[in-house]
$ cat protein33.txt   # compact mmCIF, C-alpha atoms and all ligand atoms
# COMPACT_ATOMS: atom_id res chain seq x y z
CA MET A 1 50.79 -93.72 -93.76
CA SER A 2 54.22 -95.24 -93.34
CA VAL A 3 57.19 -94.63 -95.60
CA VAL A 4 59.67 -97.50 -95.75
CA GLU A 5 63.02 -97.88 -97.39
CA LEU A 6 63.18 -100.58 -100.07
CA ALA A 7 66.59 -102.14 -100.46
CA PRO A 8 68.33 -103.37 -103.59
CA ARG A 9 68.20 -107.17 -103.40
CA GLY A 10 70.95 -109.70 -103.65
CA PRO A 11 70.23 -113.31 -104.66
CA LEU A 12 67.14 -114.93 -103.11
CA ARG A 13 68.08 -118.25 -101.60
CA GLY A 14 66.17 -120.77 -99.55
CA ARG A 15 62.65 -122.02 -98.95
CA LEU A 16 59.47 -119.99 -98.85
CA ARG A 17 56.04 -120.84 -97.45
CA VAL A 18 53.56 -118.13 -98.34
CA PRO A 19 50.29 -117.50 -96.46
CA GLY A 20 47.18 -119.46 -97.37
CA ASP A 21 45.46 -118.74 -100.65
CA LYS A 22 43.15 -115.74 -100.37
CA SER A 23 40.56 -116.90 -102.92
CA ILE A 24 40.28 -120.37 -101.37
CA SER A 25 40.11 -118.91 -97.83
CA HIS A 26 37.15 -116.63 -98.63
CA ARG A 27 35.24 -119.51 -100.15
CA ALA A 28 36.04 -121.94 -97.34
CA LEU A 29 34.60 -119.54 -94.74
CA LEU A 30 31.49 -118.68 -96.73
CA PHE A 31 30.66 -122.22 -97.83
CA ALA A 32 31.30 -123.58 -94.32
CA ALA A 33 28.66 -121.10 -93.15
CA ILE A 34 25.97 -122.90 -95.20
CA ALA A 35 27.05 -126.48 -94.47
CA PRO A 36 25.23 -127.84 -91.40
CA GLY A 37 27.83 -128.97 -88.86
CA GLU A 38 31.41 -128.10 -88.05
CA SER A 39 33.96 -127.29 -90.75
CA VAL A 40 37.64 -127.31 -89.79
CA LEU A 41 39.82 -124.92 -91.78
CA ARG A 42 43.61 -124.78 -91.47
CA GLY A 43 46.04 -122.33 -92.99
CA LEU A 44 43.52 -119.61 -93.87
CA ALA A 45 45.00 -116.45 -95.37
CA PRO A 46 45.97 -114.05 -92.55
CA GLY A 47 45.41 -110.84 -94.54
CA GLU A 48 42.71 -108.25 -93.92
CA ASP A 49 40.61 -109.29 -96.93
CA VAL A 50 39.90 -112.71 -95.47
CA GLN A 51 39.33 -111.11 -92.05
CA SER A 52 36.52 -109.16 -93.71
CA THR A 53 34.87 -112.41 -94.78
CA ARG A 54 35.46 -113.99 -91.37
CA ARG A 55 33.87 -110.97 -89.68
CA ALA A 56 30.87 -111.11 -92.03
CA VAL A 57 30.31 -114.79 -91.22
CA GLY A 58 30.36 -113.90 -87.51
CA THR A 59 27.96 -110.99 -88.02
CA LEU A 60 25.60 -113.37 -89.81
CA GLY A 61 25.34 -115.16 -86.49
CA LEU A 62 27.53 -118.21 -87.06
CA VAL A 63 30.00 -119.44 -84.51
CA VAL A 64 33.56 -119.01 -85.75
CA ALA A 65 36.14 -120.30 -83.27
CA ASP A 66 39.82 -119.42 -83.73
CA ALA A 67 42.73 -121.41 -82.38
CA PRO A 68 46.27 -120.90 -83.67
CA ASP A 69 46.12 -121.86 -87.33
CA VAL A 70 42.70 -123.58 -87.04
CA VAL A 71 39.34 -121.98 -87.59
CA ARG A 72 36.16 -123.93 -86.86
CA VAL A 73 32.91 -122.73 -88.38
CA THR A 74 29.62 -124.20 -87.22
CA GLY A 75 27.20 -123.88 -90.12
CA LEU A 76 23.43 -124.16 -89.76
CA GLY A 77 22.45 -124.86 -93.37
CA TRP A 78 21.06 -122.31 -95.82
CA ALA A 79 18.28 -121.37 -93.40
CA GLY A 80 20.91 -120.43 -90.80
CA LEU A 81 21.47 -117.25 -92.81
CA ASP A 82 17.78 -116.27 -92.80
CA ARG A 83 16.55 -113.30 -90.79
CA ASN A 84 13.29 -111.51 -90.18
CA PRO A 85 12.56 -109.76 -93.50
CA PHE A 86 10.86 -106.87 -91.67
CA ALA A 87 13.85 -106.14 -89.41
CA PRO A 88 16.24 -103.32 -90.43
CA PRO A 89 18.98 -104.55 -92.79
CA LEU A 90 21.93 -106.30 -91.16
CA GLU A 91 25.11 -104.33 -91.92
CA LEU A 92 28.07 -106.29 -93.34
CA ASP A 93 31.34 -104.37 -93.81
CA CYS A 94 33.37 -105.90 -96.65
CA GLY A 95 36.41 -103.67 -96.08
CA ASN A 96 38.69 -103.62 -99.13
CA SER A 97 37.55 -107.01 -100.40
CA GLY A 98 35.85 -107.40 -103.78
CA THR A 99 35.55 -111.15 -103.29
CA THR A 100 33.74 -110.76 -99.95
CA SER A 101 31.21 -108.32 -101.37
CA ARG A 102 30.48 -110.08 -104.64
CA LEU A 103 30.21 -113.58 -103.20
CA LEU A 104 27.99 -112.30 -100.38
CA LEU A 105 25.65 -110.71 -102.92
CA GLY A 106 25.07 -114.12 -104.52
CA LEU A 107 24.93 -115.97 -101.21
CA LEU A 108 22.40 -113.62 -99.60
CA ALA A 109 20.26 -112.87 -102.66
CA GLY A 110 17.98 -115.82 -101.94
CA ARG A 111 17.78 -115.57 -98.13
CA SER A 112 14.93 -114.02 -96.21
CA GLY A 113 16.06 -110.88 -94.42
CA ARG A 114 17.78 -107.77 -95.72
CA PHE A 115 21.55 -107.32 -95.73
CA ARG A 116 23.38 -104.04 -96.30
CA LEU A 117 26.87 -104.45 -97.78
CA THR A 118 29.39 -101.65 -97.35
CA GLY A 119 33.10 -101.22 -98.09
CA ASP A 120 36.07 -98.90 -97.79
CA ALA A 121 36.68 -96.01 -100.21
CA SER A 122 38.39 -98.21 -102.82
CA LEU A 123 35.77 -100.99 -102.73
CA SER A 124 32.97 -98.40 -102.82
CA ARG A 125 34.25 -97.28 -106.24
CA ARG A 126 34.41 -100.75 -107.78
CA PRO A 127 31.73 -101.91 -110.24
CA MET A 128 28.95 -104.09 -108.82
CA ARG A 129 26.55 -103.99 -111.79
CA ARG A 130 28.36 -107.04 -113.23
CA VAL A 131 26.92 -109.01 -110.29
CA THR A 132 23.70 -107.15 -109.51
CA GLY A 133 22.59 -107.17 -113.20
CA PRO A 134 22.55 -110.97 -113.64
CA LEU A 135 21.24 -111.48 -110.07
CA ARG A 136 18.31 -109.13 -110.67
CA ALA A 137 17.61 -111.03 -113.91
CA VAL A 138 16.86 -114.16 -111.83
CA GLY A 139 14.64 -112.28 -109.40
CA ALA A 140 17.04 -110.85 -106.78
CA SER A 141 15.98 -107.71 -104.96
CA ILE A 142 18.94 -105.33 -104.71
CA GLU A 143 18.58 -101.70 -103.69
CA GLY A 144 21.27 -99.25 -104.76
CA GLY A 145 23.21 -98.26 -107.83
CA ASP A 146 26.36 -99.50 -109.53
CA THR A 147 28.49 -99.50 -106.38
CA LEU A 148 28.33 -100.26 -102.65
CA PRO A 149 26.47 -99.72 -100.40
CA LEU A 150 23.82 -102.16 -101.60
CA VAL A 151 20.92 -103.82 -99.78
CA VAL A 152 20.18 -107.40 -100.85
CA GLY A 153 17.86 -110.21 -99.77
CA ALA A 154 14.25 -111.28 -99.30
CA ALA A 155 13.61 -112.59 -102.81
CA ARG A 156 12.71 -115.86 -104.52
CA LEU A 157 15.22 -116.69 -107.20
CA ARG A 158 14.47 -118.46 -110.49
CA GLY A 159 16.75 -120.89 -112.30
CA GLY A 160 17.68 -120.43 -115.96
CA GLU A 161 20.53 -119.76 -118.36
CA GLN A 162 23.05 -117.15 -117.23
CA HIS A 163 26.16 -115.62 -118.76
CA THR A 164 28.73 -113.84 -116.61
CA GLY A 165 29.52 -111.30 -119.35
CA VAL A 166 33.10 -110.83 -118.08
CA ALA A 167 35.68 -113.53 -117.31
CA SER A 168 35.41 -113.04 -113.55
CA ALA A 169 35.51 -115.77 -110.93
CA GLN A 170 33.79 -113.42 -108.51
CA VAL A 171 30.81 -112.95 -110.80
CA LYS A 172 30.71 -116.66 -111.67
CA SER A 173 30.80 -117.59 -107.98
CA ALA A 174 28.00 -115.18 -107.07
CA LEU A 175 25.79 -116.61 -109.82
CA ILE A 176 26.54 -120.20 -108.76
CA LEU A 177 25.68 -119.41 -105.11
CA ALA A 178 22.40 -117.83 -106.20
CA ALA A 179 21.63 -120.75 -108.55
CA LEU A 180 22.01 -123.27 -105.70
CA GLN A 181 19.12 -121.53 -103.87
CA ALA A 182 16.91 -120.93 -106.92
CA GLU A 183 13.74 -122.72 -107.92
CA GLY A 184 14.75 -125.05 -110.75
CA ASP A 185 18.06 -125.75 -112.44
CA SER A 186 20.48 -123.19 -113.89
CA VAL A 187 23.36 -123.09 -116.32
CA VAL A 188 26.10 -120.53 -115.61
CA ARG A 189 28.50 -119.80 -118.46
CA GLU A 190 31.67 -117.67 -118.63
CA PRO A 191 33.49 -116.30 -121.72
CA GLU A 192 37.01 -117.49 -120.71
CA ARG A 193 38.15 -119.86 -117.97
CA SER A 194 38.62 -118.07 -114.63
CA ARG A 195 39.81 -119.55 -111.31
CA ASP A 196 37.70 -122.59 -110.43
CA HIS A 197 37.92 -122.80 -106.62
CA THR A 198 34.18 -122.35 -106.15
CA GLU A 199 33.35 -125.26 -108.42
CA ARG A 200 35.97 -127.56 -106.86
CA MET A 201 35.02 -126.77 -103.27
CA LEU A 202 31.26 -126.93 -103.72
CA ARG A 203 31.53 -130.26 -105.54
CA ALA A 204 33.75 -131.60 -102.73
CA MET A 205 30.94 -130.55 -100.35
CA GLY A 206 28.38 -132.51 -102.39
CA ALA A 207 26.69 -129.59 -104.17
CA PRO A 208 24.63 -130.41 -107.29
CA LEU A 209 27.09 -128.88 -109.75
CA GLU A 210 28.43 -130.47 -112.91
CA PRO A 211 29.91 -129.44 -116.27
CA ALA A 212 27.09 -128.46 -118.66
CA ASP A 213 29.15 -129.32 -121.75
CA ALA A 214 32.70 -130.13 -122.84
CA THR A 215 33.89 -126.50 -123.11
CA GLY A 216 34.88 -126.23 -119.44
CA LEU A 217 33.14 -122.85 -119.46
CA ALA A 218 29.61 -123.84 -118.39
CA TRP A 219 28.16 -125.39 -115.23
CA ARG A 220 24.74 -126.96 -114.59
CA ILE A 221 23.53 -126.25 -111.06
CA GLY A 222 20.63 -127.87 -109.24
CA GLY A 223 18.49 -125.41 -107.28
CA GLY A 224 16.41 -125.92 -104.16
CA GLY A 225 19.04 -125.27 -101.49
CA ALA A 226 20.40 -128.84 -101.18
CA PRO A 227 22.46 -129.27 -97.99
CA LEU A 228 26.25 -129.22 -98.25
CA ARG A 229 28.67 -131.42 -96.30
CA PRO A 230 31.03 -129.60 -93.89
CA LEU A 231 34.62 -129.07 -94.97
CA ALA A 232 37.92 -130.30 -93.59
CA LEU A 233 40.44 -128.26 -95.51
CA VAL A 234 44.10 -127.31 -95.38
CA VAL A 235 44.42 -124.18 -97.52
CA PRO A 236 47.44 -124.27 -99.86
CA GLY A 237 49.81 -121.31 -100.14
CA ASP A 238 48.77 -118.44 -102.37
CA PRO A 239 50.56 -118.48 -105.75
CA SER A 240 49.67 -114.81 -106.23
CA SER A 241 51.65 -114.00 -103.07
CA ALA A 242 54.57 -116.26 -104.05
CA ALA A 243 54.86 -114.62 -107.46
CA TYR A 244 56.91 -111.62 -106.20
CA ALA A 245 59.73 -113.73 -104.75
CA VAL A 246 59.61 -116.00 -107.81
CA ALA A 247 60.02 -112.96 -110.07
CA LEU A 248 63.01 -111.67 -108.10
CA ALA A 249 64.64 -115.12 -107.95
CA THR A 250 64.30 -115.35 -111.73
CA LEU A 251 65.84 -111.91 -112.25
CA VAL A 252 68.66 -111.80 -109.66
CA PRO A 253 71.68 -113.95 -110.65
CA GLY A 254 72.80 -116.44 -108.03
CA SER A 255 69.26 -117.01 -106.67
CA SER A 256 67.85 -120.43 -105.88
CA LEU A 257 64.35 -120.54 -104.44
CA ARG A 258 61.95 -123.31 -103.48
CA VAL A 259 58.33 -122.37 -102.78
CA GLU A 260 56.66 -125.07 -100.68
CA GLY A 261 53.03 -126.05 -100.06
CA VAL A 262 51.72 -123.67 -102.69
CA SER A 263 48.56 -124.02 -104.77
CA LEU A 264 49.31 -125.54 -108.19
CA ASN A 265 45.76 -125.09 -109.44
CA PRO A 266 46.22 -124.55 -113.21
CA THR A 267 43.67 -121.72 -113.22
CA ARG A 268 46.02 -119.78 -110.91
CA LEU A 269 49.30 -120.36 -112.72
CA GLY A 270 48.81 -118.02 -115.68
CA PHE A 271 51.60 -115.71 -114.49
CA TYR A 272 53.99 -118.65 -114.11
CA ARG A 273 53.18 -119.85 -117.64
CA LEU A 274 53.84 -116.36 -119.04
CA LEU A 275 57.11 -116.19 -117.09
CA ALA A 276 58.15 -119.55 -118.59
CA ARG A 277 57.25 -118.18 -122.06
CA MET A 278 59.75 -115.36 -121.36
CA GLY A 279 62.43 -117.95 -120.61
CA ALA A 280 62.12 -118.54 -116.84
CA ARG A 281 63.33 -121.81 -115.33
CA LEU A 282 60.53 -123.14 -113.13
CA ARG A 283 60.03 -126.72 -112.00
CA TYR A 284 56.80 -127.95 -110.40
CA GLU A 285 56.26 -130.96 -108.21
CA VAL A 286 52.67 -131.83 -107.39
CA ALA A 287 52.28 -133.46 -103.98
CA GLU A 288 48.50 -133.58 -103.72
CA LEU A 289 45.65 -133.18 -106.20
CA GLU A 290 42.31 -133.08 -104.31
CA PRO A 291 40.41 -130.94 -103.67
CA GLU A 292 43.05 -128.39 -104.72
CA PRO A 293 46.42 -129.21 -106.33
CA ARG A 294 49.35 -128.26 -104.15
CA GLY A 295 53.12 -128.78 -104.29
CA THR A 296 56.46 -127.04 -104.75
CA ILE A 297 57.91 -124.65 -107.32
CA ASP A 298 61.69 -124.49 -107.81
CA VAL A 299 63.09 -121.36 -109.37
CA GLU A 300 66.52 -120.68 -110.88
CA PRO A 301 67.59 -117.41 -112.53
CA ALA A 302 67.25 -117.04 -116.30
CA ALA A 303 67.69 -114.50 -119.07
CA LEU A 304 64.23 -113.30 -120.11
CA ARG A 305 62.86 -111.93 -123.39
CA GLY A 306 59.72 -109.92 -124.12
CA ILE A 307 56.46 -111.65 -125.14
CA GLU A 308 52.97 -110.90 -126.44
CA VAL A 309 50.25 -111.27 -123.80
CA GLY A 310 46.77 -111.48 -125.33
CA PRO A 311 43.21 -111.38 -123.94
CA ALA A 312 43.07 -115.18 -123.52
CA ASP A 313 46.07 -115.01 -121.16
CA VAL A 314 44.50 -112.40 -118.89
CA PRO A 315 41.93 -114.14 -116.61
CA GLU A 316 44.35 -116.72 -115.18
CA ALA A 317 47.09 -114.13 -114.57
CA VAL A 318 44.87 -111.18 -113.73
CA ASP A 319 46.30 -110.31 -110.31
CA GLU A 320 49.91 -110.74 -111.43
CA LEU A 321 49.90 -108.66 -114.62
CA PRO A 322 51.38 -105.59 -112.87
CA LEU A 323 54.22 -107.85 -111.72
CA LEU A 324 54.58 -109.27 -115.21
CA ALA A 325 55.09 -105.70 -116.45
CA VAL A 326 57.86 -105.21 -113.86
CA VAL A 327 59.53 -108.42 -115.04
CA ALA A 328 59.07 -107.36 -118.67
CA ALA A 329 60.93 -104.13 -117.95
CA ALA A 330 63.92 -106.23 -116.90
CA ALA A 331 63.67 -108.54 -119.94
CA GLU A 332 65.29 -108.08 -123.33
CA GLY A 333 62.92 -106.61 -125.93
CA ARG A 334 59.30 -105.56 -125.99
CA THR A 335 56.34 -107.00 -124.08
CA THR A 336 52.82 -106.08 -125.11
CA ILE A 337 49.89 -106.75 -122.79
CA ARG A 338 46.49 -106.51 -124.52
CA GLY A 339 42.91 -107.14 -123.43
CA ALA A 340 43.59 -106.31 -119.78
CA GLY A 341 40.98 -103.57 -119.25
CA GLU A 342 39.81 -105.45 -116.12
CA LEU A 343 42.94 -104.13 -114.39
CA ARG A 344 41.39 -100.68 -114.36
CA VAL A 345 38.70 -101.80 -111.89
CA LYS A 346 40.83 -103.62 -109.32
CA GLU A 347 41.90 -102.16 -105.95
CA SER A 348 43.41 -99.32 -107.99
CA ASP A 349 43.51 -98.59 -111.72
CA ARG A 350 46.37 -101.05 -112.05
CA LEU A 351 47.28 -100.14 -115.64
CA ALA A 352 47.83 -96.51 -114.67
CA ALA A 353 49.44 -97.36 -111.31
CA THR A 354 51.85 -99.87 -112.89
CA ALA A 355 52.87 -97.42 -115.62
CA ARG A 356 53.54 -94.69 -113.04
CA LEU A 357 55.50 -97.05 -110.83
CA LEU A 358 57.70 -98.37 -113.61
CA GLN A 359 58.35 -94.94 -115.10
CA ALA A 360 59.56 -93.72 -111.70
CA PHE A 361 62.15 -96.52 -111.71
CA GLY A 362 63.35 -95.51 -115.19
CA ALA A 363 61.49 -98.12 -117.27
CA ARG A 364 60.04 -97.35 -120.70
CA VAL A 365 56.31 -98.09 -120.45
CA THR A 366 53.32 -96.90 -122.42
CA GLU A 367 49.79 -97.27 -121.15
CA THR A 368 47.14 -98.20 -123.73
CA GLU A 369 43.39 -98.29 -123.19
CA GLU A 370 43.39 -101.99 -122.32
CA GLY A 371 47.01 -102.77 -121.66
CA LEU A 372 50.67 -101.83 -121.42
CA VAL A 373 53.66 -101.81 -123.74
CA VAL A 374 56.97 -102.29 -121.95
CA ALA A 375 60.37 -101.89 -123.65
CA GLY A 376 63.15 -103.68 -121.80
CA PRO A 377 65.74 -103.89 -120.52
CA THR A 378 65.78 -101.06 -117.99
CA ARG A 379 68.62 -99.18 -116.32
CA TRP A 380 66.89 -99.25 -112.94
CA ARG A 381 67.24 -96.14 -110.83
CA PRO A 382 66.07 -95.72 -107.23
CA ALA A 383 62.69 -94.03 -106.87
CA ALA A 384 60.23 -92.61 -104.33
CA VAL A 385 56.89 -94.27 -105.09
CA ASP A 386 53.41 -94.69 -103.60
CA ALA A 387 51.46 -97.94 -103.18
CA GLU A 388 48.32 -96.10 -104.36
CA ALA A 389 46.34 -97.92 -101.64
CA ASP A 390 46.88 -101.22 -103.46
CA HIS A 391 48.63 -104.25 -101.91
CA ARG A 392 49.82 -105.64 -105.23
CA ILE A 393 51.31 -102.32 -106.34
CA ALA A 394 53.19 -102.16 -103.00
CA MET A 395 54.72 -105.60 -103.64
CA CYS A 396 55.57 -104.69 -107.25
CA ALA A 397 57.44 -101.66 -105.91
CA ALA A 398 59.56 -103.94 -103.70
CA VAL A 399 60.52 -106.03 -106.74
CA ALA A 400 61.41 -103.03 -108.90
CA ALA A 401 63.37 -101.44 -106.03
CA GLY A 402 65.18 -104.73 -105.54
CA LEU A 403 66.64 -104.33 -109.04
CA ALA A 404 67.92 -100.75 -108.53
CA ASP A 405 71.46 -100.04 -107.30
CA ALA A 406 70.53 -97.77 -104.35
CA PRO A 407 67.65 -97.73 -101.85
CA SER A 408 64.18 -96.49 -102.87
CA THR A 409 61.25 -95.41 -100.70
CA LEU A 410 57.65 -96.60 -100.66
CA THR A 411 54.75 -94.71 -99.13
CA GLY A 412 51.84 -96.90 -98.05
CA ALA A 413 53.87 -100.09 -97.62
CA GLU A 414 51.35 -101.17 -94.96
CA TRP A 415 48.84 -102.03 -97.72
CA VAL A 416 50.53 -105.46 -97.99
CA ARG A 417 48.42 -106.31 -94.90
CA ILE A 418 45.48 -106.92 -97.28
CA SER A 419 46.92 -110.18 -98.63
CA TYR A 420 50.44 -110.83 -97.27
CA PRO A 421 51.26 -109.19 -93.92
CA GLY A 422 54.71 -110.84 -93.66
CA PHE A 423 55.80 -109.94 -97.19
CA PHE A 424 58.75 -107.67 -96.34
CA ASP A 425 60.02 -110.01 -93.61
CA ASP A 426 59.99 -112.97 -96.00
CA LEU A 427 61.83 -110.99 -98.65
CA ASP A 428 64.47 -109.80 -96.13
CA ARG A 429 65.02 -113.37 -94.94
CA LEU A 430 65.41 -114.81 -98.47
CA ALA A 431 67.68 -112.05 -99.72
CA GLY A 432 69.91 -112.29 -96.65
C1 LIG B 501 39.15 -113.39 -107.26
C2 LIG B 501 38.94 -113.17 -108.58
C3 LIG B 501 39.60 -112.12 -109.36
C4 LIG B 501 40.81 -111.58 -108.64
C5 LIG B 501 40.59 -111.34 -107.19
C6 LIG B 501 40.13 -112.61 -106.49
C7 LIG B 501 38.38 -114.45 -106.58
O1 LIG B 501 38.68 -111.06 -109.57
O2 LIG B 501 41.26 -110.38 -109.24
O3 LIG B 501 41.79 -110.90 -106.58
O4 LIG B 501 38.74 -114.86 -105.47
O5 LIG B 501 37.39 -114.90 -107.16
P1 LIG B 501 37.64 -111.13 -110.81
O6 LIG B 501 36.93 -112.41 -110.63
O7 LIG B 501 36.70 -109.98 -110.66
O8 LIG B 501 38.49 -111.04 -112.03
$ encode --input "protein33.txt" --output "structure tokens"
Amino acid sequence: MSVVELAPRGPLRGRLRVPGDKSISHRALLFAAIAPGESVLRGLAPGEDVQSTRRAVGTLGLVVADAPDVVRVTGLGWAGLDRNPFAPPLELDCGNSGTTSRLLLGLLAGRSGRFRLTGDASLSRRPMRRVTGPLRAVGASIEGGDTLPLVVGAARLRGGEQHTGVASAQVKSALILAALQAEGDSVVREPERSRDHTERMLRAMGAPLEPADATGLAWRIGGGGAPLRPLALVVPGDPSSAAYAVALATLVPGSSLRVEGVSLNPTRLGFYRLLARMGARLRYEVAELEPEPRGTIDVEPAALRGIEVGPADVPEAVDELPLLAVVAAAAEGRTTIRGAGELRVKESDRLAATARLLQAFGARVTETEEGLVVAGPTRWRPAAVDAEADHRIAMCAAVAAGLADAPSTLTGAEWVRISYPGFFDDLDRLAG
């Protein structure tokens, strides 16, 4: 594992284009695999998570052709995923990627053939019952317990009413993918709005999917395996990756940052809305709306104050809440994050990891069962910290270290490869 020095950061100035959105990239590859014909995907996320999905699509037998910045997937329809049900299970390694594993469970639940999903040590600890429970309820055959490895496939799925139980786009997406293959119609409902890329993309591909009511929380899905149209998609930049530079530009006086070509999907901007509630100066310009909003975000520094973050704020900011805690430690006054128990089952226990990280840098943080209480401002001191095998914790460390007055060290900096391989280079360039 590599140890890198993290520098204090001066003002961030200039333009930033972050890698393609990870959530959209996973979906584009998987949905292209079931659309008969050639899909053309540009700007896919370069990180290892999306490579796991790309590899799985290849292992499933589909032709995936790479040229610089363009990936072409030749789908063969739903039946293109079918295999001999009596053959040994086909092994699909999902690496570190929760999205790959959970979406594949839904996608493969209704195919003939058996598929064995595996993952790395972190993914093999993460809960799968939230997906396997509802899938089994509609007839899926899944061998295994609460975690990977799991063997799925060779079942006939029934339609019906389904509730995701947790506000999770991964669970919702798995249930929608299963519902599209089921006999009869389904309604899939979630408790709070989570990211809606699956719904947008499948509808753009002609899938029988429409709002079931006016709540925005329920979808009616036609079963029967209707064919999808291939995709021609340019993936917008990932707002979760841009968030770290945006946070630093807000906190370091003299900064002026423009993030270009980034996703402005409202279900992904929860962190940015919370930052604005703390006093941040952010300006959005939408350049394109369909199938995914995209545009620019301009950031100027601002004095921030603590806020209350409640359960309703969590799903649309879920990946950025550790970063919000870092920002809160720099703000004036107290920030309370509640209802964020989901953070305990991400790539690491992110409530514990964030508390440890911030305490090392001198911040006053208390961990609660389902959240964090952060008392700002902080007299930042340099620290020696560990990424805890979590890409987002590694990037949070770079932000906290950027606010200290002497260099810090980070063990496991290479974990940024999961979502944002060029993260440190981009930060060095912007901070001169
Ligand atoms: C994702 C959904 C979120 C998020 C993850 C990506 C997705 O997980 O944390 O990084 O692409 O659907 P949950 O849906 O489990 O909250």
$ closest_residue --input "protein33.txt" --among "A:Val166, A:Val365, A:Ala214, A:Val50" --to "Arg417 of chain A" --atoms "all atoms listed in the file"
A:Val50
$ closest_atom_pairs --input "protein33.txt" --of "chain A" --to "ligand LIG 501 (chain B)" --cutoff "7 Å" --atoms "all atoms listed in the file" --output "tab-separated table"
residue	atom	partner	partner_atom	distance
A:Lys22	CA	B:LIG501	O4	6.8
A:Ser23	CA	B:LIG501	O4	3.7
A:Thr99	CA	B:LIG501	O4	5.4
A:Ala167	CA	B:LIG501	O8	6.5
A:Ser168	CA	B:LIG501	O6	3.4
A:Ala169	CA	B:LIG501	O6	3.7
A:Gln170	CA	B:LIG501	O6	3.9
A:Val171	CA	B:LIG501	O6	6.1
A:Arg195	CA	B:LIG501	O5	6.7
A:Pro315	CA	B:LIG501	O8	6.5
A:Val318	CA	B:LIG501	O2	5.8
A:Asp319	CA	B:LIG501	O2	5.2
A:Lys346	CA	B:LIG501	O2	6.8
$ residues_around --input "protein33.txt" --residues "Val286 of chain A" --least-positions-apart "3" --cutoff "12 Å" --atoms "all atoms listed in the file" --output "VMD selection string"
chain A and resid 236 259 to 266 283 289 to 290 292 to 298
$ write_last_selection --input "protein33.txt" --atoms "C-alpha atoms" --output "PDB file, keeping the file's coordinate frame"
ATOM      1  CA  PRO A 236      47.440-124.270 -99.860  1.00  0.00           C
ATOM      2  CA  VAL A 259      58.330-122.370-102.780  1.00  0.00           C
ATOM      3  CA  GLU A 260      56.660-125.070-100.680  1.00  0.00           C
ATOM      4  CA  GLY A 261      53.030-126.050-100.060  1.00  0.00           C
ATOM      5  CA  VAL A 262      51.720-123.670-102.690  1.00  0.00           C
ATOM      6  CA  SER A 263      48.560-124.020-104.770  1.00  0.00           C
ATOM      7  CA  LEU A 264      49.310-125.540-108.190  1.00  0.00           C
ATOM      8  CA  ASN A 265      45.760-125.090-109.440  1.00  0.00           C
ATOM      9  CA  PRO A 266      46.220-124.550-113.210  1.00  0.00           C
ATOM     10  CA  ARG A 283      60.030-126.720-112.000  1.00  0.00           C
ATOM     11  CA  LEU A 289      45.650-133.180-106.200  1.00  0.00           C
ATOM     12  CA  GLU A 290      42.310-133.080-104.310  1.00  0.00           C
ATOM     13  CA  GLU A 292      43.050-128.390-104.720  1.00  0.00           C
ATOM     14  CA  PRO A 293      46.420-129.210-106.330  1.00  0.00           C
ATOM     15  CA  ARG A 294      49.350-128.260-104.150  1.00  0.00           C
ATOM     16  CA  GLY A 295      53.120-128.780-104.290  1.00  0.00           C
ATOM     17  CA  THR A 296      56.460-127.040-104.750  1.00  0.00           C
ATOM     18  CA  ILE A 297      57.910-124.650-107.320  1.00  0.00           C
ATOM     19  CA  ASP A 298      61.690-124.490-107.810  1.00  0.00           C
TER      20      ASP A 298
END
$ closest_residue --input "protein33.txt" --among "A:Glu308, A:Glu38, A:Glu190, A:Glu143" --to "Pro89 of chain A" --atoms "only C-alpha atoms"
A:Glu143
$ residues_around --input "protein33.txt" --residues "Arg429 of chain A" --least-positions-apart "3" --cutoff "12 Å" --atoms "all atoms listed in the file" --output "list in words"
Arg9, Gly10, Pro11, Leu12, Arg13, Gly14, Arg15, Leu16, Arg17, Ala245, Leu257, Gly422, Phe423, Phe424, Asp425, Asp426 and Gly432 of chain A
$ write_last_selection --input "protein33.txt" --atoms "C-alpha atoms" --output "PDB file, in the coordinates of the input"
ATOM      1  CA  ARG A   9      68.200-107.170-103.400  1.00  0.00           C
ATOM      2  CA  GLY A  10      70.950-109.700-103.650  1.00  0.00           C
ATOM      3  CA  PRO A  11      70.230-113.310-104.660  1.00  0.00           C
ATOM      4  CA  LEU A  12      67.140-114.930-103.110  1.00  0.00           C
ATOM      5  CA  ARG A  13      68.080-118.250-101.600  1.00  0.00           C
ATOM      6  CA  GLY A  14      66.170-120.770 -99.550  1.00  0.00           C
ATOM      7  CA  ARG A  15      62.650-122.020 -98.950  1.00  0.00           C
ATOM      8  CA  LEU A  16      59.470-119.990 -98.850  1.00  0.00           C
ATOM      9  CA  ARG A  17      56.040-120.840 -97.450  1.00  0.00           C
ATOM     10  CA  ALA A 245      59.730-113.730-104.750  1.00  0.00           C
ATOM     11  CA  LEU A 257      64.350-120.540-104.440  1.00  0.00           C
ATOM     12  CA  GLY A 422      54.710-110.840 -93.660  1.00  0.00           C
ATOM     13  CA  PHE A 423      55.800-109.940 -97.190  1.00  0.00           C
ATOM     14  CA  PHE A 424      58.750-107.670 -96.340  1.00  0.00           C
ATOM     15  CA  ASP A 425      60.020-110.010 -93.610  1.00  0.00           C
ATOM     16  CA  ASP A 426      59.990-112.970 -96.000  1.00  0.00           C
ATOM     17  CA  GLY A 432      69.910-112.290 -96.650  1.00  0.00           C
TER      18      GLY A 432
END
$ residues_around --input "protein33.txt" --residues "Ser52 of chain A" --least-positions-apart "2" --cutoff "12 Å" --atoms "all atoms listed in the file" --output "PyMOL selection string"
chain A and resi 22+25-26+29-30+45-50+54-59+92-101+104+117-120+418-419
